[in-house]
file query.txt (compact mmCIF, C-alpha atoms and all ligand atoms)
# COMPACT_ATOMS: atom_id res chain seq x y z
CA MET A 1045 156.27 54.48 119.91
CA THR A 1046 157.23 56.18 123.16
CA THR A 1047 160.22 54.88 125.07
CA THR A 1048 159.11 53.15 128.23
CA GLN A 1049 160.84 53.82 131.53
CA VAL A 1050 162.71 50.73 132.66
CA ALA A 1051 164.90 49.78 135.60
CA PRO A 1052 168.69 49.89 134.97
CA ASP A 1053 169.18 46.09 134.80
CA ALA A 1054 166.18 45.65 132.52
CA ASP A 1055 167.77 48.40 130.46
CA ASP A 1056 170.93 46.32 130.08
CA ALA A 1057 168.94 43.35 128.84
CA LEU A 1058 167.15 45.53 126.32
CA LEU A 1059 170.42 47.03 125.15
CA ALA A 1060 171.92 43.56 124.73
CA GLN A 1061 168.89 42.52 122.69
CA PHE A 1062 169.17 45.66 120.54
CA GLU A 1063 172.86 45.09 119.93
CA ALA A 1064 172.29 41.44 119.09
CA THR A 1065 169.71 42.47 116.47
CA ILE A 1066 172.18 44.94 114.92
CA GLY A 1067 174.92 42.29 115.16
CA ARG A 1068 172.84 39.84 113.12
CA SER A 1069 172.34 42.62 110.52
CA ASP A 1070 168.66 42.33 111.32
CA ARG A 1071 166.40 45.36 111.22
CA ILE A 1072 165.21 47.46 114.13
CA GLU A 1073 161.47 48.08 113.81
CA PRO A 1074 159.42 51.02 115.08
CA ARG A 1075 158.09 49.70 118.37
CA ASP A 1076 161.33 47.95 119.36
CA TRP A 1077 163.25 49.30 122.31
CA MET A 1078 166.19 51.38 121.12
CA PRO A 1079 168.83 53.51 122.84
CA ASP A 1080 167.84 57.13 122.97
CA ALA A 1081 170.96 58.20 121.06
CA TYR A 1082 170.08 55.81 118.22
CA ARG A 1083 166.57 57.21 118.02
CA LYS A 1084 167.88 60.78 118.03
CA THR A 1085 170.45 60.05 115.34
CA LEU A 1086 167.73 58.56 113.16
CA VAL A 1087 165.25 61.36 113.68
CA ARG A 1088 167.90 63.87 112.73
CA GLN A 1089 169.14 61.91 109.73
CA VAL A 1090 165.74 60.95 108.33
CA ALA A 1091 164.24 64.41 108.94
CA GLN A 1092 167.12 66.25 107.31
CA HIS A 1093 167.06 63.78 104.45
CA ALA A 1094 163.34 64.45 104.00
CA HIS A 1095 163.93 68.22 104.10
CA SER A 1096 166.61 67.83 101.41
CA GLU A 1097 164.13 66.10 99.10
CA ILE A 1098 161.51 68.80 99.66
CA ILE A 1099 163.88 71.77 99.29
CA GLY A 1100 165.48 69.94 96.37
CA MET A 1101 162.28 70.52 94.38
CA GLN A 1102 163.03 74.23 94.16
CA PRO A 1103 166.16 74.59 92.00
CA GLU A 1104 164.65 72.50 89.21
CA GLY A 1105 161.03 73.42 89.86
CA ALA A 1106 161.95 76.97 88.89
CA TRP A 1107 162.41 75.77 85.28
CA ILE A 1108 159.10 73.96 84.82
CA THR A 1109 157.37 76.95 83.25
CA ARG A 1110 160.36 77.57 80.97
CA ALA A 1111 160.93 74.03 79.70
CA PRO A 1112 162.05 74.05 76.04
CA SER A 1113 159.42 71.50 74.91
CA LEU A 1114 156.32 69.73 76.15
CA ARG A 1115 158.33 66.50 76.39
CA ARG A 1116 160.94 68.11 78.65
CA LYS A 1117 158.22 69.77 80.70
CA ALA A 1118 156.40 66.49 81.32
CA ILE A 1119 159.68 64.83 82.33
CA LEU A 1120 160.67 67.64 84.68
CA LEU A 1121 157.21 67.72 86.28
CA ALA A 1122 157.40 63.99 86.93
CA LYS A 1123 160.90 64.31 88.37
CA VAL A 1124 160.01 67.15 90.71
CA GLN A 1125 156.84 65.31 91.79
CA ASP A 1126 159.01 62.29 92.61
CA GLU A 1127 161.15 64.45 94.90
CA ALA A 1128 158.00 65.48 96.76
CA GLY A 1129 157.18 61.78 97.06
CA HIS A 1130 160.67 61.04 98.40
CA GLY A 1131 160.18 63.69 101.05
CA LEU A 1132 156.87 62.11 102.06
CA TYR A 1133 158.26 58.55 102.22
CA LEU A 1134 160.94 59.87 104.56
CA TYR A 1135 158.64 61.95 106.75
CA SER A 1136 156.53 58.81 107.06
CA ALA A 1137 159.62 56.87 108.23
CA ALA A 1138 160.51 59.66 110.69
CA GLU A 1139 157.01 59.57 112.13
CA THR A 1140 157.50 55.96 113.22
CA LEU A 1141 160.10 57.38 115.64
CA GLY A 1142 157.56 59.51 117.45
CA VAL A 1143 157.86 62.90 115.76
CA SER A 1144 155.26 64.35 113.41
CA ARG A 1145 155.61 65.71 109.91
CA GLN A 1146 154.18 69.03 110.97
CA GLU A 1147 156.73 69.43 113.77
CA LEU A 1148 159.53 68.61 111.36
CA THR A 1149 158.24 71.10 108.78
CA GLU A 1150 158.13 73.78 111.46
CA LEU A 1151 161.70 72.96 112.54
CA LEU A 1152 162.78 73.31 108.91
CA ILE A 1153 161.19 76.69 108.28
CA GLU A 1154 162.45 77.97 111.62
CA GLY A 1155 165.93 77.07 110.36
CA ARG A 1156 166.57 74.71 113.26
CA GLN A 1157 166.86 71.60 111.12
CA LYS A 1158 168.85 71.78 107.89
CA TYR A 1159 168.91 70.25 104.43
CA SER A 1160 171.74 69.41 102.08
CA SER A 1161 173.82 72.40 101.04
CA ILE A 1162 173.76 71.37 97.37
CA PHE A 1163 170.31 72.93 97.02
CA ASN A 1164 171.64 76.35 98.00
CA TYR A 1165 173.25 76.75 94.59
CA PRO A 1166 171.22 78.48 91.86
CA THR A 1167 170.10 76.96 88.56
CA LEU A 1168 171.16 79.43 85.89
CA SER A 1169 170.24 77.63 82.67
CA TYR A 1170 168.17 74.69 81.47
CA ALA A 1171 171.39 72.71 81.16
CA ASP A 1172 171.45 72.75 84.97
CA VAL A 1173 168.35 70.53 84.94
CA GLY A 1174 170.43 67.96 83.08
CA THR A 1175 173.52 68.41 85.24
CA ILE A 1176 171.52 68.08 88.45
CA GLY A 1177 169.94 64.85 87.21
CA TRP A 1178 173.29 63.45 86.16
CA LEU A 1179 175.61 64.60 88.95
CA VAL A 1180 173.43 65.59 91.91
CA ASP A 1181 170.99 62.69 91.63
CA GLY A 1182 174.00 60.54 90.70
CA ALA A 1183 175.77 61.48 93.93
CA ALA A 1184 172.53 60.92 95.83
CA ILE A 1185 172.33 57.40 94.35
CA CYS A 1186 175.86 56.66 95.65
CA ASN A 1187 174.76 57.77 99.11
CA GLN A 1188 171.38 56.12 99.02
CA VAL A 1189 172.03 52.65 97.64
CA PRO A 1190 173.95 51.56 100.77
CA LEU A 1191 171.19 53.09 102.92
CA CYS A 1192 168.73 50.52 101.56
CA ARG A 1193 170.45 48.16 104.05
CA THR A 1194 170.39 50.62 106.93
CA SER A 1195 169.50 49.08 110.30
CA TYR A 1196 166.23 50.94 110.84
CA GLY A 1197 163.50 49.11 108.90
CA PRO A 1198 161.22 51.98 107.83
CA TYR A 1199 164.20 54.08 106.68
CA GLY A 1200 165.62 51.21 104.62
CA ARG A 1201 162.24 50.53 103.00
CA ALA A 1202 161.82 54.20 102.11
CA MET A 1203 165.29 54.14 100.56
CA ILE A 1204 164.41 51.13 98.40
CA ARG A 1205 161.42 53.00 96.94
CA ILE A 1206 163.53 56.10 96.40
CA CYS A 1207 166.40 54.28 94.72
CA LYS A 1208 164.01 52.69 92.22
CA GLU A 1209 162.95 56.18 91.14
CA GLU A 1210 166.38 57.81 91.17
CA SER A 1211 167.55 55.89 88.16
CA PHE A 1212 164.97 57.72 86.02
CA HIS A 1213 166.23 61.02 87.46
CA GLN A 1214 169.81 60.36 86.54
CA ARG A 1215 169.09 59.02 83.07
CA GLN A 1216 166.76 61.84 82.04
CA GLY A 1217 169.47 64.31 83.08
CA TYR A 1218 172.20 62.55 81.18
CA GLU A 1219 169.99 62.22 78.11
CA LEU A 1220 169.16 65.93 78.25
CA LEU A 1221 172.87 66.78 78.30
CA SER A 1222 173.66 64.33 75.45
CA THR A 1223 170.96 65.95 73.35
CA MET A 1224 172.48 69.38 73.96
CA MET A 1225 175.97 68.07 73.19
CA ARG A 1226 174.70 67.02 69.75
CA GLY A 1227 173.39 70.56 69.18
CA THR A 1228 175.20 73.84 68.50
CA ASP A 1229 178.55 75.07 69.86
CA GLU A 1230 176.61 77.39 72.09
CA GLN A 1231 174.64 74.49 73.57
CA ARG A 1232 177.83 72.50 74.16
CA ALA A 1233 179.34 75.50 75.93
CA MET A 1234 176.21 75.72 78.12
CA VAL A 1235 176.63 72.11 79.17
CA GLN A 1236 180.33 72.52 79.99
CA GLU A 1237 179.67 75.71 81.94
CA SER A 1238 176.95 73.97 83.95
CA VAL A 1239 179.15 70.94 84.69
CA ASP A 1240 181.97 73.28 85.77
CA ARG A 1241 179.66 74.90 88.32
CA PHE A 1242 178.19 71.69 89.75
CA TRP A 1243 181.21 69.36 89.88
CA TRP A 1244 182.72 70.60 93.14
CA PRO A 1245 179.42 71.08 94.98
CA ALA A 1246 178.50 67.51 93.93
CA LEU A 1247 181.74 66.20 95.48
CA MET A 1248 180.95 68.14 98.65
CA MET A 1249 177.66 66.28 98.91
CA PHE A 1250 179.55 63.38 100.48
CA GLY A 1251 180.55 65.52 103.43
CA PRO A 1252 183.93 66.48 104.89
CA PRO A 1253 186.90 64.09 104.78
CA ASP A 1254 186.57 61.12 107.14
CA ALA A 1255 189.17 62.58 109.50
CA ASP A 1256 186.82 65.52 110.12
CA SER A 1257 183.69 63.45 110.50
CA PRO A 1258 183.79 61.98 114.02
CA ASN A 1259 180.17 60.81 114.09
CA THR A 1260 180.69 58.42 111.19
CA ALA A 1261 182.12 55.67 113.43
CA GLN A 1262 179.08 55.53 115.74
CA SER A 1263 176.65 55.65 112.81
CA MET A 1264 178.50 52.82 111.11
CA ALA A 1265 178.54 50.72 114.29
CA TRP A 1266 174.77 51.07 114.45
CA GLY A 1267 174.40 50.19 110.81
CA VAL A 1268 172.70 53.53 110.21
CA LYS A 1269 175.46 54.57 107.84
CA ARG A 1270 177.16 51.97 105.66
CA ASN A 1271 180.18 53.63 104.02
CA THR A 1272 182.45 56.53 104.94
CA ASN A 1273 182.27 59.91 103.23
CA ASP A 1274 185.60 59.40 101.44
CA ASP A 1275 184.69 55.91 100.19
CA LEU A 1276 181.49 57.18 98.64
CA ARG A 1277 183.20 60.22 97.13
CA GLN A 1278 185.82 57.99 95.49
CA ARG A 1279 183.14 55.70 94.12
CA PHE A 1280 181.30 58.68 92.66
CA VAL A 1281 184.42 60.08 90.96
CA ASP A 1282 185.28 56.69 89.46
CA MET A 1283 181.75 56.31 88.10
CA SER A 1284 181.51 59.82 86.71
CA VAL A 1285 184.79 60.04 84.75
CA PRO A 1286 183.83 57.60 81.96
CA GLN A 1287 180.33 59.12 81.82
CA ALA A 1288 181.89 62.56 81.25
CA GLU A 1289 184.11 61.14 78.51
CA ALA A 1290 181.13 59.59 76.74
CA LEU A 1291 179.32 62.90 76.99
CA GLY A 1292 182.30 64.94 75.78
CA VAL A 1293 182.71 67.22 78.79
CA THR A 1294 185.56 67.70 81.25
CA PHE A 1295 185.60 68.22 85.01
CA PRO A 1296 187.25 71.39 86.34
CA ASP A 1297 189.98 69.57 88.28
CA PRO A 1298 193.59 69.63 87.02
CA GLU A 1299 194.55 66.92 89.51
CA LEU A 1300 191.98 64.43 88.21
CA ARG A 1301 193.76 61.42 86.71
CA TRP A 1302 193.70 57.63 86.76
CA ASN A 1303 195.98 56.06 89.34
CA ALA A 1304 196.75 52.53 88.13
CA GLU A 1305 198.42 51.62 91.41
CA ARG A 1306 195.33 52.38 93.48
CA GLY A 1307 192.92 51.29 90.79
CA HIS A 1308 191.05 54.57 91.36
CA HIS A 1309 191.09 58.14 90.11
CA ASP A 1310 193.09 60.71 92.05
CA PHE A 1311 191.35 64.04 92.41
CA GLY A 1312 191.74 67.44 94.02
CA GLU A 1313 190.41 68.68 97.33
CA PRO A 1314 187.07 70.51 97.28
CA ASP A 1315 187.06 74.01 98.75
CA TRP A 1316 185.90 73.17 102.27
CA ASP A 1317 185.83 76.83 103.27
CA GLU A 1318 183.20 77.48 100.64
CA PHE A 1319 181.34 74.43 101.85
CA MET A 1320 181.33 75.70 105.42
CA GLN A 1321 180.09 79.09 104.26
CA VAL A 1322 177.15 77.48 102.44
CA VAL A 1323 176.34 75.23 105.40
CA ARG A 1324 176.41 78.22 107.73
CA GLY A 1325 173.73 79.85 105.62
CA HIS A 1326 175.84 82.09 103.41
CA GLY A 1327 175.35 80.16 100.19
CA PRO A 1328 173.85 81.88 97.15
CA CYS A 1329 170.27 80.72 97.83
CA ASN A 1330 169.89 79.71 101.51
CA THR A 1331 167.56 82.56 102.45
CA GLN A 1332 165.47 82.24 99.31
CA ARG A 1333 164.97 78.47 99.73
CA ILE A 1334 163.64 78.72 103.28
CA ALA A 1335 161.57 81.82 102.54
CA HIS A 1336 159.94 79.96 99.65
CA ARG A 1337 159.22 76.89 101.79
CA ARG A 1338 157.79 79.07 104.56
CA ARG A 1339 155.55 80.92 102.11
CA ALA A 1340 154.26 77.67 100.62
CA HIS A 1341 153.52 76.35 104.11
CA GLU A 1342 151.78 79.52 105.29
CA ASP A 1343 149.86 80.07 102.06
CA GLY A 1344 148.56 76.51 102.39
CA ALA A 1345 147.32 76.96 105.96
CA TRP A 1346 143.78 77.95 104.96
CA VAL A 1347 143.50 74.88 102.72
CA ARG A 1348 144.50 72.57 105.57
CA GLU A 1349 142.08 74.30 107.92
CA ALA A 1350 139.22 74.21 105.41
CA ALA A 1351 139.77 70.50 104.74
CA THR A 1352 139.75 69.82 108.50
CA ALA A 1353 136.52 71.80 108.93
CA PHE A 1354 134.91 69.96 106.00
CA ALA A 1355 135.95 66.57 107.40
CA ASP A 1356 134.56 67.54 110.84
CA ARG A 1357 131.23 68.55 109.29
CA GLN A 1358 130.99 65.37 107.21
CA ARG A 1359 131.63 63.34 110.33
CA SER A 1360 128.98 65.08 112.41
CA GLU A 1361 126.43 64.89 109.57
CA ARG A 1362 127.05 61.18 109.24
CA ALA A 1363 126.72 60.74 112.99
CA GLU A 1364 123.38 62.58 112.92
CA ALA A 1365 122.07 60.54 110.02
CA HIS A 1366 122.95 57.33 111.86
CA GLY A 1367 121.83 58.90 115.14
CA MET B 1471 186.41 72.09 111.12
CA SER B 1472 185.08 69.26 113.24
CA GLY B 1473 185.20 70.99 116.58
CA GLU B 1474 183.19 73.88 115.33
CA GLN B 1475 180.45 72.13 113.47
CA ASP B 1476 180.13 68.44 112.93
CA LEU B 1477 178.84 67.43 109.53
CA THR B 1478 178.37 64.23 107.70
CA ALA B 1479 176.93 62.90 104.50
CA GLU B 1480 174.15 61.19 106.39
CA GLY B 1481 170.98 61.25 104.38
CA GLY B 1482 170.84 60.93 100.66
CA HIS B 1483 171.84 64.34 99.47
CA GLY B 1484 174.84 64.69 101.62
CA ALA B 1485 176.40 66.78 104.20
CA VAL B 1486 174.14 68.24 106.83
CA PRO B 1487 175.04 69.56 110.27
CA LEU B 1488 174.73 67.25 113.25
CA ALA B 1489 175.32 69.50 116.22
CA GLY B 1490 172.58 71.71 117.59
CA VAL B 1491 169.82 70.05 115.59
CA PRO B 1492 166.69 69.57 117.73
CA VAL B 1493 165.21 66.09 117.50
CA ALA B 1494 162.81 66.07 120.42
CA LYS B 1495 159.09 66.50 120.18
CA LYS B 1496 158.00 70.11 119.99
CA GLU B 1497 156.02 71.37 122.95
CA HIS B 1498 153.23 72.99 121.01
CA SER B 1499 152.44 73.19 117.37
CA ALA B 1500 150.65 76.04 115.68
CA GLU B 1501 147.81 74.07 114.13
CA ARG B 1502 145.86 70.83 114.48
CA GLU B 1503 147.52 68.27 112.25
CA TRP B 1504 145.56 66.05 109.87
CA PRO B 1505 145.31 62.50 111.21
CA LEU B 1506 147.85 59.86 110.21
CA TYR B 1507 146.72 57.00 107.95
CA GLU B 1508 148.52 53.73 107.25
CA VAL B 1509 148.49 52.75 103.58
CA PHE B 1510 148.22 49.24 102.08
CA VAL B 1511 148.59 48.52 98.37
CA ARG B 1512 147.72 45.44 96.31
CA GLY B 1513 150.52 45.31 93.75
CA LYS B 1514 148.57 43.25 91.25
CA ARG B 1515 145.71 40.79 91.11
CA GLY B 1516 146.51 37.64 93.03
CA LEU B 1517 148.60 39.37 95.70
CA ASN B 1518 147.71 40.53 99.21
CA HIS B 1519 147.58 44.17 100.17
CA VAL B 1520 150.94 45.10 101.69
CA HIS B 1521 151.74 47.95 104.05
CA VAL B 1522 153.73 50.60 102.17
CA GLY B 1523 153.89 53.56 104.56
CA SER B 1524 151.73 56.30 105.96
CA LEU B 1525 150.46 59.77 105.17
CA HIS B 1526 148.31 62.56 106.57
CA ALA B 1527 144.86 63.42 105.26
CA ALA B 1528 141.84 65.31 106.54
CA ASP B 1529 139.49 62.36 105.93
CA ASP B 1530 139.30 58.85 104.51
CA GLU B 1531 138.59 59.86 100.90
CA MET B 1532 141.46 62.31 100.84
CA ALA B 1533 143.73 59.62 102.30
CA VAL B 1534 142.95 57.36 99.32
CA ARG B 1535 143.69 60.17 96.87
CA HIS B 1536 146.94 61.06 98.58
CA ALA B 1537 147.91 57.41 98.73
CA ARG B 1538 147.45 57.17 94.98
CA ASP B 1539 149.75 60.15 94.40
CA VAL B 1540 152.39 59.21 96.96
CA TYR B 1541 152.57 55.42 96.61
CA THR B 1542 151.38 54.49 93.09
CA ARG B 1543 152.92 56.93 90.61
CA ARG B 1544 154.20 54.07 88.45
CA ASN B 1545 151.43 51.47 88.44
CA GLU B 1546 152.62 50.00 91.73
CA GLY B 1547 149.08 49.07 92.66
CA VAL B 1548 145.60 48.04 91.55
CA SER B 1549 143.90 48.57 94.92
CA ILE B 1550 144.52 50.75 97.97
CA TRP B 1551 143.40 50.43 101.59
CA VAL B 1552 143.85 53.23 104.10
CA VAL B 1553 143.22 52.95 107.81
CA ARG B 1554 143.66 55.52 110.53
CA ALA B 1555 146.86 54.77 112.42
CA ASP B 1556 145.08 55.22 115.75
CA ALA B 1557 142.67 52.41 114.79
CA VAL B 1558 145.43 49.81 114.52
CA THR B 1559 145.85 47.39 117.42
CA ALA B 1560 149.20 45.62 117.45
CA SER B 1561 150.88 42.83 119.39
CA SER B 1562 153.82 43.67 121.64
CA PRO B 1563 157.02 44.21 119.64
CA ASP B 1564 158.96 41.78 121.85
CA GLU B 1565 159.74 38.57 119.98
CA LYS B 1566 159.85 36.74 123.33
CA ASP B 1567 156.24 37.74 123.91
CA PRO B 1568 154.27 34.76 125.29
CA LEU B 1569 151.69 35.52 122.57
CA PHE B 1570 153.93 33.68 120.10
CA ALA B 1571 155.03 30.95 122.51
CA PRO B 1572 152.23 28.43 121.72
CA SER B 1573 153.55 27.95 118.17
CA GLY B 1574 157.18 27.64 119.22
CA ASP B 1575 157.06 24.05 120.54
CA LYS B 1576 154.69 22.52 117.99
CA VAL B 1577 157.26 21.15 115.57
CA TYR B 1578 154.75 18.51 114.39
CA ARG B 1579 152.95 21.30 112.52
CA HIS B 1580 155.78 21.32 109.98
CA PRO B 1581 156.12 18.78 107.16
CA THR B 1582 159.80 18.27 107.97
CA PHE B 1583 158.77 16.65 111.30
CA TYR B 1584 157.80 13.45 109.49
CA ALA B 1585 160.43 11.02 108.20
CA ILE B 1586 159.36 9.46 104.91
CA PRO B 1587 161.61 6.97 103.04
CA ASP B 1588 163.48 8.58 100.14
CA ASP B 1589 162.04 6.16 97.57
CA VAL B 1590 158.42 7.20 98.21
CA PRO B 1591 157.57 9.48 95.28
CA HIS B 1592 155.69 12.79 95.18
CA MET B 1593 155.84 13.54 98.97
FE FE C 1 165.07 62.25 95.64
FE FE C 2 166.13 62.48 92.56
call {"tool": "encode", "arguments": {"input": "query.txt", "output": "structure tokens"}}
result
Amino acid sequence: MTTTQVAPDADDALLAQFEATIGRSDRIEPRDWMPDAYRKTLVRQVAQHAHSEIIGMQPEGAWITRAPSLRRKAILLAKVQDEAGHGLYLYSAAETLGVSRQELTELLIEGRQKYSSIFNYPTLSYADVGTIGWLVDGAAICNQVPLCRTSYGPYGRAMIRICKEESFHQRQGYELLSTMMRGTDEQRAMVQESVDRFWWPALMMFGPPDADSPNTAQSMAWGVKRNTNDDLRQRFVDMSVPQAEALGVTFPDPELRWNAERGHHDFGEPDWDEFMQVVRGHGPCNTQRIAHRRRAHEDGAWVREAATAFADRQRSERAEAHG
Amino acid sequence: MSGEQDLTAEGGHGAVPLAGVPVAKKEHSAEREWPLYEVFVRGKRGLNHVHVGSLHAADDEMAVRHARDVYTRRNEGVSIWVVRADAVTASSPDEKDPLFAPSGDKVYRHPTFYAIPDDVPHM
């Protein structure tokens, strides 16, 4: 798992072997030699992806105790538990690169590694649970499906597990919104208001325009990333428009229309200044999200210590008995 | 925008910063971490246990419980094995490793090595 020191010419041979593996669209596996920059890119990507899953439990988790029915509560609990699972699959993949989950957690709560800015927006009504499932998990699916073929084996395998579960997330959200749309005028207004708030942040999930995303080229050459930000954003818009029509809601974008010539929808430009503000830590919930994660981690310290002490005692008692 | 802070949609939930993100091992950590376990799941009767990932647990029993919660939330398994990662011995990752060389030149171990006339049935 550690990179071995090699002579320069041996290094060239290893690099050639690495590039040939990528060239064949084969997978790189944990103990393979890999360029340091590739390893660093993956640690950063997989860790920040894991953090996003874990922090992503908070906006919806806040509604578990206020679910409108036992059915909705059971669904939301299962969904939020899945997100915890996604975080753990990804930390497990990151650990094959020589970092530990605990180190990564500490880097997160120290604010040195980040998570997706979408989770810095508040959830103001139960309709947001539906909108997040539909649009936020929907956008995540667009990002994640191509990552199932990413060049690093453990990351790709984690993504396959995650993608299988995401479909439930998106469908339960959409079904929740459809149920509300069949309700009262007030409920329909709640859904529209929620969609209005989440549409632009969901589009921002794909990252800045390709022209402003210089790292994309290297990540694509390594097969770590499979599609550009703009490609994925377009795909998401094209998928979402008919879903919105079926639901009976509109998106808050006057420029959104079908372009027959391109065979795609045209749409407006997200407010990238707002995006930058949120990324820099000035979003509505940045401070709260990290404070919550830190509290959970620190409040759990005595449990981790007690379990370690118990395991140590069991071990020594067993050793004595066998002694 | 790019010069100041580079961002991309890497990772499933989108745009995260790239610059100034530490990725190296931390020098010291505050507490002793639970050991790492590798997890193997038998999907259903008749199949082998297959490696599915890893997790941390204080001891073996806890590792099995955590494995159930993390890797089998939807009936993905009927049996779980856990083994401490530091107890695994592995071959060298190099495919050119001489360990695998003895099987490379023994083509006669494969059925396709033997020419059988096309009109001989059931072979
Ligand atoms: Fe997820
Ligand atoms: Fe999800």
call {"tool": "residues_near_ligand", "arguments": {"input": "query.txt", "ligand": "ligand FE 2 (chain C)", "cutoff": "9 Å", "atoms": "only C-alpha atoms and all ligand atoms", "output": "CSV table (one decimal) with C-alpha atoms, in the coordinates of the input"}}
result
chain,number,residue,atom,x,y,z
A,1097,GLU,CA,164.1,66.1,99.1
A,1100,GLY,CA,165.5,69.9,96.4
A,1123,LYS,CA,160.9,64.3,88.4
A,1124,VAL,CA,160.0,67.2,90.7
A,1126,ASP,CA,159.0,62.3,92.6
A,1127,GLU,CA,161.2,64.4,94.9
A,1130,HIS,CA,160.7,61.0,98.4
A,1176,ILE,CA,171.5,68.1,88.4
A,1177,GLY,CA,169.9,64.8,87.2
A,1180,VAL,CA,173.4,65.6,91.9
A,1181,ASP,CA,171.0,62.7,91.6
A,1182,GLY,CA,174.0,60.5,90.7
A,1184,ALA,CA,172.5,60.9,95.8
A,1185,ILE,CA,172.3,57.4,94.4
A,1206,ILE,CA,163.5,56.1,96.4
A,1207,CYS,CA,166.4,54.3,94.7
A,1209,GLU,CA,163.0,56.2,91.1
A,1210,GLU,CA,166.4,57.8,91.2
A,1211,SER,CA,167.6,55.9,88.2
A,1212,PHE,CA,165.0,57.7,86.0
A,1213,HIS,CA,166.2,61.0,87.5
A,1214,GLN,CA,169.8,60.4,86.5
call {"tool": "closest_residue", "arguments": {"input": "query.txt", "among": "A:Leu1059, A:Ala1081, A:Ala1202, A:Val1087", "to": "ligand FE 1 (chain C)", "atoms": "all atoms listed in the file"}}
result
A:Ala1202
call {"tool": "residues_around", "arguments": {"input": "query.txt", "residues": "Lys1084 of chain A", "least_positions_apart": "2", "cutoff": "12 Å", "atoms": "only C-alpha atoms", "output": "number ranges by chain"}}
result
A: 1047, 1078-1082, 1086-1091, 1138, 1141-1143, 1263, 1268; B: 1488-1495
call {"tool": "closest_atom_pairs", "arguments": {"input": "query.txt", "of": "chain A", "to": "chain B", "cutoff": "7 Å", "atoms": "all atoms listed in the file", "output": "Markdown table"}}
result
| residue | atom | partner | partner_atom | distance |
| --- | --- | --- | --- | --- |
| A:Arg1075 | CA | B:Pro1563 | CA | 5.7 |
| A:Asp1076 | CA | B:Pro1563 | CA | 5.7 |
| A:Lys1084 | CA | B:Val1493 | CA | 6.0 |
| A:Val1087 | CA | B:Val1493 | CA | 6.1 |
| A:Arg1088 | CA | B:Val1493 | CA | 5.9 |
| A:Gln1089 | CA | B:Gly1481 | CA | 5.7 |
| A:Val1090 | CA | B:Gly1481 | CA | 6.6 |
| A:Gln1092 | CA | B:Gly1481 | CA | 7.0 |
| A:His1093 | CA | B:Gly1481 | CA | 4.7 |
| A:Ser1096 | CA | B:His1483 | CA | 6.6 |
| A:Gly1129 | CA | B:Val1540 | CA | 5.4 |
| A:Ser1136 | CA | B:Ser1524 | CA | 5.5 |
| A:Val1143 | CA | B:Lys1495 | CA | 5.8 |
| A:Gln1146 | CA | B:Glu1503 | CA | 6.8 |
| A:Glu1147 | CA | B:Lys1496 | CA | 6.4 |
| A:Arg1156 | CA | B:Val1491 | CA | 6.1 |
| A:Gln1157 | CA | B:Val1491 | CA | 5.6 |
| A:Lys1158 | CA | B:Val1486 | CA | 6.5 |
| A:Tyr1159 | CA | B:Val1486 | CA | 6.1 |
| A:Ser1160 | CA | B:Val1486 | CA | 5.4 |
| A:Ser1161 | CA | B:Ala1485 | CA | 6.9 |
| A:Ala1184 | CA | B:His1483 | CA | 5.0 |
| A:Asn1187 | CA | B:Gly1482 | CA | 5.3 |
| A:Gln1188 | CA | B:Gly1482 | CA | 5.1 |
| A:Met1249 | CA | B:Gly1484 | CA | 4.2 |
| A:Phe1250 | CA | B:Ala1479 | CA | 4.8 |
| A:Gly1251 | CA | B:Ala1485 | CA | 4.4 |
| A:Pro1252 | CA | B:Thr1478 | CA | 6.6 |
| A:Asp1256 | CA | B:Ser1472 | CA | 5.2 |
| A:Ser1257 | CA | B:Thr1478 | CA | 6.1 |
| A:Lys1269 | CA | B:Glu1480 | CA | 6.9 |
| A:Asn1273 | CA | B:Ala1479 | CA | 6.3 |
| A:Ala1351 | CA | B:Ala1528 | CA | 5.9 |
| A:Thr1352 | CA | B:Ala1528 | CA | 5.3 |
| A:Ala1355 | CA | B:Asp1529 | CA | 5.7 |
call {"tool": "residues_near_point", "arguments": {"input": "query.txt", "point": "(177.3, 49.0, 104.1)", "cutoff": "10 Å", "atoms": "all atoms listed in the file", "output": "count of residues only"}}
result
14
call {"tool": "atom_distance", "arguments": {"input": "query.txt", "atom1": "atom CA of Arg1226 of chain A", "atom2": "atom CA of Asp1240 of chain A"}}
result
18.7 Å
call {"tool": "atom_distance", "arguments": {"input": "query.txt", "atom1": "atom CA of Gly1131 of chain A", "atom2": "atom CA of His1521 of chain B"}}
result
18.1 Å
call {"tool": "atom_distance", "arguments": {"input": "query.txt", "atom1": "atom CA of Val1239 of chain A", "atom2": "atom CA of Asp1275 of chain A"}}
result
22.3 Å
call {"tool": "residues_near_point", "arguments": {"input": "query.txt", "point": "(148.9, 41.6, 94.4)", "cutoff": "12 Å", "atoms": "all atoms listed in the file", "output": "PyMOL selection string"}}
result
chain B and resi 1510-1521+1545-1550
call {"tool": "closest_residue", "arguments": {"input": "query.txt", "among": "A:Met1283, A:Thr1331, A:Glu1361, A:Met1203", "to": "ligand FE 1 (chain C)", "atoms": "all atoms listed in the file"}}
result
A:Met1203
